[in-house]
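So this one's my_file_7.txt, compact mmCIF, C-alpha atoms and all ligand atoms:
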# COMPACT_ATOMS: atom_id res chain seq x y z
CA MET A 1 -4.05 -21.90 6.44
CA ASN A 2 -1.93 -18.91 5.55
CA PHE A 3 -2.24 -15.56 7.26
CA GLY A 4 -3.43 -13.70 4.17
CA LEU A 5 -6.37 -16.03 3.82
CA ILE A 6 -7.34 -15.58 7.47
CA LEU A 7 -7.19 -11.82 6.93
CA TRP A 8 -9.56 -12.01 3.96
CA TYR A 9 -11.97 -14.23 5.90
CA ALA A 10 -11.86 -11.73 8.77
CA ILE A 11 -12.70 -8.85 6.40
CA LEU A 12 -15.55 -10.87 4.87
CA ILE A 13 -16.97 -11.68 8.30
CA ILE A 14 -16.79 -7.99 9.27
CA ILE A 15 -18.63 -7.05 6.06
CA LEU A 16 -21.28 -9.70 6.75
CA VAL A 17 -21.80 -8.47 10.31
CA LEU A 18 -22.11 -4.89 8.99
CA LEU A 19 -24.66 -6.05 6.42
CA ILE A 20 -26.77 -7.87 9.01
CA LEU A 21 -26.63 -4.81 11.27
CA TYR A 22 -27.54 -2.63 8.31
CA PHE A 23 -30.57 -4.66 7.34
CA TYR A 24 -31.73 -4.76 10.96
CA ILE A 25 -31.48 -0.98 11.33
CA ARG A 26 -32.97 -0.49 7.91
CA PHE A 27 -35.95 -2.70 8.83
CA LYS A 28 -36.57 -0.77 12.05
CA ALA A 29 -36.34 2.54 10.21
CA SER A 30 -38.82 1.34 7.59
CA VAL A 31 -41.31 0.24 10.27
CA ILE A 32 -41.23 3.70 11.81
CA PHE A 33 -41.51 5.26 8.39
CA PHE A 34 -44.53 3.30 7.31
CA VAL A 35 -46.66 3.86 10.41
CA ASP A 36 -48.45 6.69 8.65
CA LYS A 37 -49.49 4.60 5.67
CA ASP A 38 -52.40 6.70 4.36
CA LYS A 39 -50.10 9.68 3.77
CA PHE A 40 -47.40 7.75 1.98
CA PHE A 41 -48.00 4.50 0.16
CA PRO A 42 -44.81 2.41 0.46
CA LEU A 43 -45.02 0.41 -2.80
CA PRO A 44 -43.46 3.02 -5.14
CA GLY A 45 -40.62 3.38 -2.64
CA PHE A 46 -39.99 -0.36 -2.70
CA ILE A 47 -39.99 -0.49 -6.49
CA ILE A 48 -37.51 2.40 -6.67
CA LYS A 49 -35.35 0.69 -4.03
CA LEU A 50 -35.38 -2.51 -6.06
CA VAL A 51 -34.31 -0.65 -9.19
CA CYS A 52 -31.50 1.08 -7.25
CA ALA A 53 -30.34 -2.24 -5.84
CA PHE A 54 -30.09 -3.61 -9.39
CA LEU A 55 -28.04 -0.59 -10.39
CA PHE A 56 -25.33 -1.98 -8.11
CA LEU A 57 -25.27 -5.36 -9.80
CA PRO A 58 -23.01 -4.29 -12.72
CA PHE A 59 -20.19 -3.93 -10.19
CA LEU A 60 -20.41 -7.69 -9.76
CA PHE A 61 -19.69 -8.25 -13.44
CA PHE A 62 -17.11 -5.53 -13.94
CA THR A 63 -14.89 -6.39 -11.02
CA TYR A 64 -14.85 -8.40 -7.84
CA LYS A 65 -13.67 -5.25 -6.11
CA TRP A 66 -17.27 -4.01 -6.13
CA ILE A 67 -17.44 -5.12 -2.50
CA PHE A 68 -15.42 -2.06 -1.44
CA TYR A 69 -17.76 0.37 -3.19
CA PHE A 70 -20.77 -1.48 -1.88
CA GLY A 71 -19.24 -1.66 1.61
CA MET A 72 -18.82 2.12 1.71
CA PHE A 73 -22.36 2.59 0.46
CA VAL A 74 -23.67 0.32 3.21
CA ILE A 75 -21.70 2.22 5.86
CA PHE A 76 -23.12 5.55 4.64
CA GLN A 77 -26.63 4.07 4.45
CA MET A 78 -26.35 2.80 8.01
CA LEU A 79 -25.15 6.16 9.32
CA PHE A 80 -27.91 7.94 7.41
CA ASP A 81 -30.53 5.55 8.80
CA LEU A 82 -29.35 6.36 12.31
CA VAL A 83 -29.72 10.09 11.58
CA VAL A 84 -33.20 9.53 10.09
CA MET A 85 -34.35 7.41 13.03
CA THR A 86 -33.05 9.93 15.52
CA PHE A 87 -34.16 13.21 13.96
CA PHE A 88 -36.60 12.61 11.09
CA ALA A 89 -38.58 9.50 12.10
CA ASN A 90 -41.87 11.43 12.08
CA SER A 91 -41.22 13.41 8.93
CA LYS A 92 -44.29 13.63 6.71
CA LYS A 93 -42.57 15.44 3.86
CA ARG A 94 -43.07 13.50 0.64
CA TRP A 95 -39.82 14.66 -0.98
CA PHE A 96 -37.90 13.47 2.05
CA HIS A 97 -39.52 10.03 1.83
CA ILE A 98 -38.66 9.80 -1.87
CA LEU A 99 -35.05 10.81 -1.20
CA TYR A 100 -34.86 8.20 1.55
CA HIS A 101 -36.26 5.38 -0.57
CA ILE A 102 -34.01 6.00 -3.56
CA PHE A 103 -30.94 5.98 -1.29
CA ALA A 104 -30.12 9.49 -2.53
CA VAL A 105 -28.02 10.65 0.41
CA PRO A 106 -25.78 7.55 0.77
CA LEU A 107 -25.41 7.35 -3.03
CA ILE A 108 -24.22 10.96 -3.21
CA LEU A 109 -21.95 10.50 -0.19
CA THR A 110 -20.42 7.33 -1.71
CA ALA A 111 -19.86 9.11 -5.05
CA VAL A 112 -18.22 12.12 -3.36
CA PHE A 113 -16.11 9.82 -1.17
CA PHE A 114 -14.72 7.96 -4.18
CA ILE A 115 -14.29 11.04 -6.40
CA LEU A 116 -12.24 12.73 -3.67
CA GLY A 117 -10.45 9.39 -3.25
CA TYR A 118 -9.47 9.48 -6.92
CA VAL A 119 -8.24 13.08 -6.74
CA ASN A 120 -6.17 12.03 -3.71
CA THR A 121 -4.32 9.38 -5.74
CA GLN A 122 -3.23 11.98 -8.29
CA ASN A 123 -1.44 14.21 -5.78
CA ILE A 124 1.80 12.51 -4.89
CA THR A 125 3.51 13.84 -1.79
CA ARG A 126 7.11 13.72 -0.60
CA LYS A 127 7.64 12.28 2.87
CA GLU A 128 10.96 12.92 4.55
CA TYR A 129 12.49 11.23 7.59
CA GLU A 130 15.72 11.89 9.45
CA VAL A 131 17.35 8.84 10.99
CA LEU A 132 20.20 9.62 13.32
CA SER A 133 22.95 7.10 13.69
CA GLU A 134 25.97 6.80 15.92
CA LYS A 135 27.66 4.78 13.21
CA GLU A 136 29.66 6.67 10.62
CA VAL A 137 27.76 7.26 7.39
CA LEU A 138 29.03 9.38 4.51
CA ALA A 139 27.30 11.29 1.78
CA VAL A 140 28.25 10.34 -1.76
CA SER A 141 29.78 13.37 -3.46
CA ASP A 142 30.48 11.77 -6.80
CA ALA A 143 29.97 8.39 -8.33
CA SER A 144 30.87 7.00 -11.70
CA ARG A 145 31.61 3.55 -13.09
CA THR A 146 35.25 3.78 -12.12
CA PHE A 147 35.35 5.71 -8.86
CA THR A 148 33.14 6.97 -6.04
CA THR A 149 34.03 9.74 -3.64
CA TYR A 150 32.47 10.42 -0.28
CA GLU A 151 32.16 13.43 1.99
CA GLU A 152 30.92 14.28 5.47
CA GLY A 153 27.15 14.43 5.79
CA SER A 154 24.15 12.21 5.72
CA SER A 155 23.31 9.66 3.08
CA LYS A 156 20.06 10.01 1.17
CA LEU A 157 17.93 6.97 0.46
CA VAL A 158 14.71 7.20 -1.53
CA MET A 159 12.11 4.49 -1.21
CA ILE A 160 9.02 3.87 -3.29
CA ALA A 161 6.63 0.95 -2.85
CA ASP A 162 3.20 -0.23 -3.92
CA LEU A 163 2.94 1.49 -7.26
CA HIS A 164 0.62 -1.27 -8.56
CA TYR A 165 1.11 0.12 -12.07
CA PRO A 166 -0.97 1.27 -13.90
CA THR A 167 -3.81 1.60 -11.38
CA THR A 168 -3.25 5.29 -10.65
CA LEU A 169 -0.51 6.45 -13.02
CA ASN A 170 0.00 6.14 -16.76
CA GLU A 171 3.39 6.18 -18.48
CA GLU A 172 3.52 9.97 -18.71
CA LYS A 173 2.62 10.50 -15.06
CA LEU A 174 5.06 7.84 -13.90
CA LYS A 175 7.80 9.60 -15.91
CA GLU A 176 6.97 12.82 -14.08
CA VAL A 177 7.40 11.03 -10.74
CA VAL A 178 10.68 9.51 -11.92
CA ASP A 179 11.93 12.99 -12.91
CA ARG A 180 10.90 14.34 -9.53
CA ILE A 181 12.73 11.56 -7.69
CA ASN A 182 15.83 12.00 -9.87
CA LYS A 183 15.97 15.65 -8.78
CA GLU A 184 16.41 14.36 -5.20
CA ASP A 185 19.92 13.30 -6.22
CA ALA A 186 19.67 10.22 -3.98
CA ASP A 187 22.56 7.95 -3.05
CA ILE A 188 20.39 4.83 -3.10
CA ILE A 189 16.90 4.18 -4.44
CA VAL A 190 14.92 1.18 -3.20
CA LEU A 191 11.79 -0.09 -4.94
CA CYS A 192 10.21 -1.84 -2.00
CA GLY A 193 7.82 -4.22 -3.75
CA ASP A 194 4.44 -4.34 -5.49
CA MET A 195 5.46 -2.18 -8.44
CA THR A 196 3.07 -4.22 -10.62
CA ASP A 197 0.34 -6.73 -9.81
CA GLU A 198 -2.13 -9.31 -11.15
CA ASP A 199 -4.04 -6.60 -13.02
CA THR A 200 -0.92 -5.49 -14.91
CA SER A 201 -0.67 -6.81 -18.47
CA LYS A 202 2.69 -8.04 -19.71
CA GLU A 203 2.98 -4.94 -21.88
CA LYS A 204 2.29 -2.64 -18.93
CA MET A 205 4.69 -4.60 -16.69
CA LEU A 206 7.48 -4.04 -19.22
CA GLU A 207 6.48 -0.40 -19.65
CA CYS A 208 6.52 0.16 -15.89
CA ILE A 209 9.96 -1.35 -15.41
CA ARG A 210 11.32 0.49 -18.46
CA VAL A 211 10.23 3.83 -16.97
CA LEU A 212 11.53 2.87 -13.51
CA GLY A 213 14.81 2.06 -15.26
CA GLU A 214 15.21 5.82 -15.79
CA LEU A 215 15.56 6.29 -12.04
CA ASP A 216 19.01 7.45 -11.17
CA ALA A 217 20.86 7.11 -7.87
CA LYS A 218 24.58 7.45 -7.23
CA LEU A 219 25.02 3.99 -5.72
CA GLY A 220 22.28 2.28 -7.67
CA VAL A 221 18.60 1.38 -7.85
CA PHE A 222 17.46 -1.80 -6.09
CA PHE A 223 14.25 -3.79 -6.15
CA VAL A 224 12.80 -6.21 -3.59
CA TRP A 225 9.81 -8.42 -4.32
CA GLY A 226 6.38 -7.70 -2.93
CA ASN A 227 3.58 -10.23 -2.70
CA HIS A 228 2.07 -8.99 -6.02
CA ASP A 229 5.08 -8.61 -8.34
CA ASP A 230 5.42 -12.29 -9.22
CA ASN A 231 1.86 -12.25 -10.63
CA ARG A 232 0.80 -15.08 -8.30
CA TYR A 233 -2.76 -13.80 -7.81
CA ASN A 234 -3.50 -13.89 -11.53
CA SER A 235 -5.69 -16.89 -12.44
CA ALA A 236 -4.59 -16.67 -16.09
CA PRO A 237 -1.06 -15.23 -15.96
CA THR A 238 0.47 -13.90 -19.17
CA TYR A 239 3.96 -13.60 -17.74
CA GLU A 240 6.15 -15.32 -15.17
CA LYS A 241 8.23 -14.12 -12.26
CA ALA A 242 11.40 -14.84 -14.28
CA GLU A 243 10.28 -12.33 -16.94
CA VAL A 244 9.80 -9.64 -14.30
CA TYR A 245 13.27 -10.41 -12.97
CA GLU A 246 14.74 -10.15 -16.49
CA ALA A 247 12.99 -6.83 -17.09
CA TYR A 248 14.52 -5.32 -13.93
CA LYS A 249 17.94 -6.66 -14.83
CA ASN A 250 17.72 -5.35 -18.40
CA ASN A 251 16.79 -1.88 -17.13
CA GLY A 252 19.73 -1.59 -14.77
CA ILE A 253 17.81 -2.28 -11.57
CA TYR A 254 19.39 -4.78 -9.22
CA VAL A 255 17.00 -7.35 -7.75
CA LEU A 256 17.84 -8.04 -4.13
CA GLU A 257 16.32 -11.40 -3.28
CA ASP A 258 17.56 -12.48 0.13
CA GLU A 259 20.80 -10.71 -0.61
CA ALA A 260 22.87 -7.85 0.79
CA VAL A 261 25.00 -5.10 -0.74
CA LEU A 262 27.71 -3.26 1.15
CA PHE A 263 28.31 0.34 0.07
CA GLY A 264 31.48 2.33 0.63
CA ASN A 265 29.60 5.03 2.53
CA GLY A 266 28.84 2.80 5.51
CA ILE A 267 25.46 1.34 4.59
CA LEU A 268 24.69 -2.36 4.29
CA LEU A 269 21.45 -2.82 2.37
CA VAL A 270 19.70 -6.15 2.86
CA GLY A 271 16.82 -6.98 0.50
CA ARG A 272 14.59 -9.72 1.82
CA LYS A 273 12.34 -12.07 -0.11
CA ASP A 274 8.68 -11.38 0.52
CA TYR A 275 7.28 -12.70 3.78
CA SER A 276 4.59 -14.68 1.94
CA ASP A 277 6.94 -16.24 -0.63
CA GLU A 278 6.02 -19.93 -0.65
CA SER A 279 9.57 -21.00 -1.34
CA GLY A 280 10.44 -19.62 2.10
CA ARG A 281 13.07 -17.06 2.96
CA LYS A 282 16.25 -16.87 4.95
CA SER A 283 16.28 -15.51 8.48
CA MET A 284 17.94 -12.16 9.15
CA GLU A 285 20.72 -13.99 10.97
CA GLU A 286 21.41 -16.19 7.91
CA LEU A 287 21.34 -13.16 5.60
CA LEU A 288 23.98 -11.39 7.68
CA LYS A 289 26.15 -14.51 7.69
CA ASP A 290 25.80 -14.68 3.88
CA ALA A 291 26.72 -10.99 3.65
CA SER A 292 29.80 -11.66 5.74
CA VAL A 293 30.91 -14.43 3.36
CA LYS A 294 30.08 -12.38 0.24
CA THR A 295 31.91 -9.24 1.36
CA GLY A 296 34.78 -11.03 3.07
CA ARG A 297 34.16 -9.02 6.28
CA SER A 298 33.58 -10.40 9.73
CA LEU A 299 30.18 -9.91 11.34
CA GLU A 300 31.75 -7.38 13.71
CA GLU A 301 32.97 -5.38 10.72
CA LEU A 302 29.54 -5.54 9.11
CA TYR A 303 27.94 -4.20 12.29
CA GLU A 304 30.05 -1.06 11.93
CA ASN A 305 27.76 -0.20 9.01
CA VAL A 306 24.20 1.03 9.23
CA ILE A 307 22.19 -2.08 8.36
CA VAL A 308 19.13 -1.13 6.30
CA VAL A 309 16.62 -3.91 5.67
CA ALA A 310 14.20 -3.60 2.74
CA ASP A 311 11.29 -5.95 3.42
CA HIS A 312 8.03 -5.40 1.53
CA GLU A 313 5.69 -6.51 4.31
CA PRO A 314 6.14 -4.92 7.74
CA LYS A 315 6.42 -8.26 9.48
CA GLU A 316 9.08 -10.07 11.51
CA TYR A 317 10.46 -6.75 12.73
CA ALA A 318 11.34 -8.52 15.99
CA GLN A 319 13.74 -10.69 13.98
CA ASP A 320 15.39 -7.60 12.46
CA LYS A 321 15.72 -6.09 15.92
CA ALA A 322 17.17 -9.28 17.42
CA ALA A 323 19.69 -9.50 14.56
CA GLY A 324 20.93 -5.98 15.37
CA CYS A 325 19.67 -4.20 12.25
CA ASP A 326 19.37 -0.42 12.35
CA ILE A 327 16.60 0.50 9.91
CA VAL A 328 13.83 -1.50 8.28
CA ILE A 329 11.77 -0.07 5.41
CA SER A 330 8.49 -1.51 4.14
CA GLY A 331 5.31 -0.82 2.21
CA HIS A 332 2.39 -3.22 1.69
CA THR A 333 -0.14 -1.65 4.06
CA HIS A 334 -1.13 1.27 1.77
CA ASP A 335 -1.93 2.98 5.09
CA GLY A 336 -5.31 1.31 4.77
CA GLN A 337 -6.07 2.84 1.32
CA ILE A 338 -9.82 2.66 1.92
CA TRP A 339 -10.98 3.96 5.26
CA PRO A 340 -11.48 2.21 7.70
CA LEU A 341 -9.41 -0.83 6.62
CA GLY A 342 -6.22 0.65 8.12
CA LEU A 343 -7.91 0.81 11.50
CA PHE A 344 -8.55 -2.95 11.37
CA SER A 345 -4.92 -3.52 10.41
CA THR A 346 -3.77 -1.54 13.43
CA LEU A 347 -6.42 -2.98 15.76
CA PHE A 348 -5.74 -6.61 14.90
CA LYS A 349 -1.99 -6.06 14.59
CA MET A 350 -1.92 -7.49 11.07
CA ASN A 351 1.40 -5.75 10.52
CA ASP A 352 4.14 -4.64 12.90
CA LEU A 353 3.50 -1.05 11.82
CA THR A 354 0.77 0.36 9.55
CA TYR A 355 2.31 3.70 8.62
CA GLY A 356 5.03 6.19 9.46
CA MET A 357 8.19 5.95 11.50
CA LYS A 358 8.65 4.21 14.83
CA GLN A 359 11.74 3.76 16.96
CA ASP A 360 11.89 0.42 18.72
CA GLU A 361 15.02 0.36 20.84
CA GLY A 362 17.82 0.22 18.27
CA LEU A 363 15.57 -0.41 15.26
CA THR A 364 14.03 2.43 13.24
CA GLN A 365 10.94 1.21 11.40
CA ILE A 366 9.58 3.08 8.38
CA VAL A 367 6.44 2.06 6.50
CA THR A 368 5.22 3.94 3.43
CA SER A 369 1.62 4.29 2.28
CA GLY A 370 2.87 3.64 -1.27
CA LEU A 371 3.10 5.51 -4.53
CA GLY A 372 -0.11 4.12 -6.00
CA THR A 373 -3.10 2.06 -4.95
CA TRP A 374 -4.31 -1.49 -5.45
CA GLY A 375 -7.40 -2.48 -7.44
CA PHE A 376 -8.87 0.90 -8.28
CA PRO A 377 -7.54 4.45 -8.38
CA VAL A 378 -9.13 5.44 -5.11
CA ARG A 379 -7.53 6.29 -1.81
CA THR A 380 -9.67 7.52 1.05
CA ALA A 381 -7.06 6.87 3.73
CA GLY A 382 -3.52 8.26 3.67
CA ARG A 383 -1.66 9.81 0.75
CA CYS A 384 0.27 8.55 -2.27
CA GLU A 385 3.91 9.30 -1.60
CA TYR A 386 7.57 8.62 -2.13
CA VAL A 387 9.86 8.58 0.87
CA VAL A 388 13.20 10.31 1.43
CA ILE A 389 15.30 9.01 4.32
CA ASN A 390 18.38 10.91 5.43
CA ILE A 391 20.69 8.61 7.35
CA GLY A 392 23.52 10.05 9.37
CA GLU A 393 24.59 12.11 12.34
FE FE B 401 1.90 -5.88 -0.84
Whole structure, C-alpha cells version:
Amino acid sequence: MNFGLILWYAILIIILVLLILYFYIRFKASVIFFVDKDKFFPLPGFIIKLVCAFLFLPFLFFTYKWIFYFGMFVIFQMLFDLVVMTFFANSKKRWFHILYHIFAVPLILTAVFFILGYVNTQNITRKEYEVLSEKEVLAVSDASRTFTTYEEGSSKLVMIADLHYPTTLNEEKLKEVVDRINKEDADIIVLCGDMTDEDTSKEKMLECIRVLGELDAKLGVFFVWGNHDDNRYNSAPTYEKAEVYEAYKNNGIYVLEDEAVLFGNGILLVGRKDYSDESGRKSMEELLKDASVKTGRSLEELYENVIVVADHEPKEYAQDKAAGCDIVISGHTHDGQIWPLGLFSTLFKMNDLTYGMKQDEGLTQIVTSGLGTWGFPVRTAGRCEYVVINIGE
C-alpha cells in the first residue's frame, strides 16, 4: 500500500473519531437541554436541525471536497457544545435554544473561517531566505544567448510551487504574479511542482504554462514534476503527461526530470522526479554520477559547486544529506492549507519538513507553502507565497 493512501486513511479515521466524539458530546448536551421540557418543546428544534443537515447535502453532489467544509463545521460545533455545556446548560432563553438548534453559531463561524480563508489566498506574499555558503557562488551580471558575465555577490533563486492553477488565480492575476517575480531579476527560477492538477482542464493547463512561460530569469526557468502535474488523479483525463511536458518545452521552460544542470556561477541544480512517481526515480548518488558524466567533470569538481536539489515532496532529505547536497527546495505540504491538517503532518512526520527553512548539518532545507491552494480557494493555515533564496557568502 502506498504512503499517500495510508495518509488518506489516517485522515478519514481522524474525521470518523471526531464525528463519533461530536455526536457523543452533542447527545449529552441535548439531554441537559431537554430536562426542562415544559418550557421548550424539542420537536421544532429537531425539525430545524434536520433541515439544516440537509442543507449540507449539496456539498456531496458538488464536490467530494465537502468533507473539509463539513469537518470544520463539526469542529466548531463541538467547541460550541463544550461552551454551552459549561456555561449555558441551564439557559431558559428561547432565542438561545433556537440559535443552538439551528446550528447558528458554528454555521457563522464556519462561513467566516472560509471567507477569511479565501481572502488569504488572494494576498500573495514574498518570502526571502539567505543561505550562506563557503563555496564560491557568483551573481549573474548579464546574460544573453551568446555570453554570460558574473560578478561578486550572491546568486538569486526564485522558487514557486503548488499553484494548482486555476484554483486561486485566473490568467490576469497569474500574469500579475509573473510580472512581480520578473521584477526580482532572478538568476534562476524553479517551478517546484504541482503547477496544475486533476481539476485543471486542458485549456487551463495550456493557459497556465503559457503565462508561466513569460517568467524571465538570467540563467533560465526550470520545472520539476509534482504529484499532481501528470494528471494522474483525474478519473477521466483530457490530457496526458507528455502534453504537459510539450507545453513547458514550447514555452521555454526546461523540464528537469531526474537531471542536473551546471551553471557558470557555481550552482549545480538537480531536479528530481516526484517521490511518488510509479516509474521510480534515481537516487541522489546516481543523479550526481549522471551529472558528472553529462558535464564531463569529476565528482570532486562538482562538489565545488553549491548543489541545489529541487524535489517537489519534502521527503528523502536524509538521502540528499548523505549525498553531500547543500540546499534542497520543496513544496507539496501547502503548510497544511486547512488548519489543523499541517499539525497532523508535523505530528506524524508525514514530511521531513512542513514549512520554512531548517539547517540540518550541511543541508539547508526550504519548504514553501505554495503559490496557490488545492481543491478550493481557501487557506486557513499559512500564506500563499513565492520564495526568494539568496545563495552566497
Ligand atoms: Fe504535491
Set the distance at 10 Å and use all atoms listed in the file: which residues neighbour Leu212 in chain A once local chain neighbours fewer than 2 positions away are removed? I'd like the list as a VMD selection string. chain A and resid 174 to 175 177 to 178 191 195 206 to 210 214 to 216 221 248 251 to 253
Could you give me, as a list in words, the residues within 12 Å of Leu341 in chain A, counting only C-alpha atoms and dropping anything in the same chain fewer than 4 positions from it? Leu7, Trp8, Ala10, Ile11, Leu12, Ile14, Ile15, Phe68, Gly71, Met72, Thr333, His334, Asp335, Gly336, Gln337, Ser345, Thr346, Leu347, Phe348, Met350, Thr354, Arg379, Thr380, Ala381 and Gly382 of chain A
Could I get the residue neighbourhood of ligand FE 401 (chain B) at 6 Å, counting all atoms listed in the file, as a ChimeraX atom specification? /A:194,226-227,332
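Counting all atoms listed in the file and comparing A:Ser276, A:Asn265, A:Gln365, A:Gln359, the residue that lies closest to Ala143 in chain A is A:Asn265.
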Among the residues A:Arg297, A:Lys273, A:Lys204, A:His228, the one that comes closest to Tyr165 in chain A [using all atoms listed in the file]: A:Lys204
